[in-house]
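Following: one structure in structure tokens, then a few remarks.
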Amino acid sequence: MPKKTGDSLVEQKTEGKRCVDNFDMLKGLNYDAFNQYRAQFDKINNSHAYFKSHEGLMEQDPKELMTLTLNDKLNMVCEQVKSQAFLEIQKKMKVISQI
């Protein structure tokens, strides 16, 4: 059964919230890693802002390509943050288990 447009939007918002939650958690677990990923998010956000400011000058195909590329990069960084947060939690649990 095909997804409704509204369902997709809700999923995107949920995924975005999870990404932000993992990012916030990483800030408390490993500040250096947090800063590394923050720099990547900043680059993506700057690219998105540039794209939005020049969107009217682009034809449809380059617009779609840029949108796909930015979304893919964002999803990739979110998955890396999720993985890093998991690794940091594992490190904390190892310390706790040795008490």
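Convention: chains lettered A, B, ... in structure tokens order; per-chain residue numbering from 1; ligands numbered from 1 as shown.
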Inset, instruction - May I have the residues within 12 Å of range 65-68 of chain A as a PyMOL selection string, using only C-alpha atoms and disregarding those fewer than 2 positions away in the same chain? - result: chain A and resi 44+47-52+54-55+58-63+70-75
Write out, as CSV, each residue of range 5-76 of chain A that has an atom at most 12 Å from range 91-97 of chain A, together with the closest pair of atoms and their distance in Å to one decimal, counting only C-alpha atoms, rows going by chain and rising number.
```
residue,atom,partner,partner_atom,distance
A:Gly28,CA,A:Lys92,CA,11.7
A:Leu29,CA,A:Lys92,CA,8.6
A:Asn30,CA,A:Lys91,CA,10.7
```
Could the residues in this selection be written to a file with C-alpha atoms, as a CSV table (one decimal), in the first residue's frame?
```
chain,number,residue,atom,x,y,z
A,28,GLY,CA,27.0,15.1,26.8
A,29,LEU,CA,28.9,11.9,26.1
A,30,ASN,CA,31.7,13.0,23.8
```
Inset, instruction - For CA of Arg18 in chain A and CA of Asn46 in chain A, quote the distance in Å rounded to one decimal. - result: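 Interatomic distance here is 21.5 Å.
Excluding range 83-90 of chain A itself and same-chain residues fewer than 5 positions from it, the residues having an atom within 7 Å of it are Asn22, Met25, Leu26 and Leu29 of chain A, counting only C-alpha atoms.
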Please write the residues from the selection above to a file, keeping C-alpha atoms, as a tab-separated table (two decimals), in the first residue's frame.
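That gives us again21.tsv:
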```tsv
chain	number	residue	atom	x	y	z
A	22	ASN	CA	20.98	11.63	19.42
A	25	MET	CA	22.94	13.04	23.80
A	26	LEU	CA	26.31	12.89	22.04
A	29	LEU	CA	28.85	11.86	26.06
```
Legend entry - Among the residues A:Leu57, A:Val20, A:Val81, A:Ile99, the one that comes closest to Ala33 in chain A [using only C-alpha atoms]: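 Closest to Ala33 in chain A of all the choices is A:Val81.
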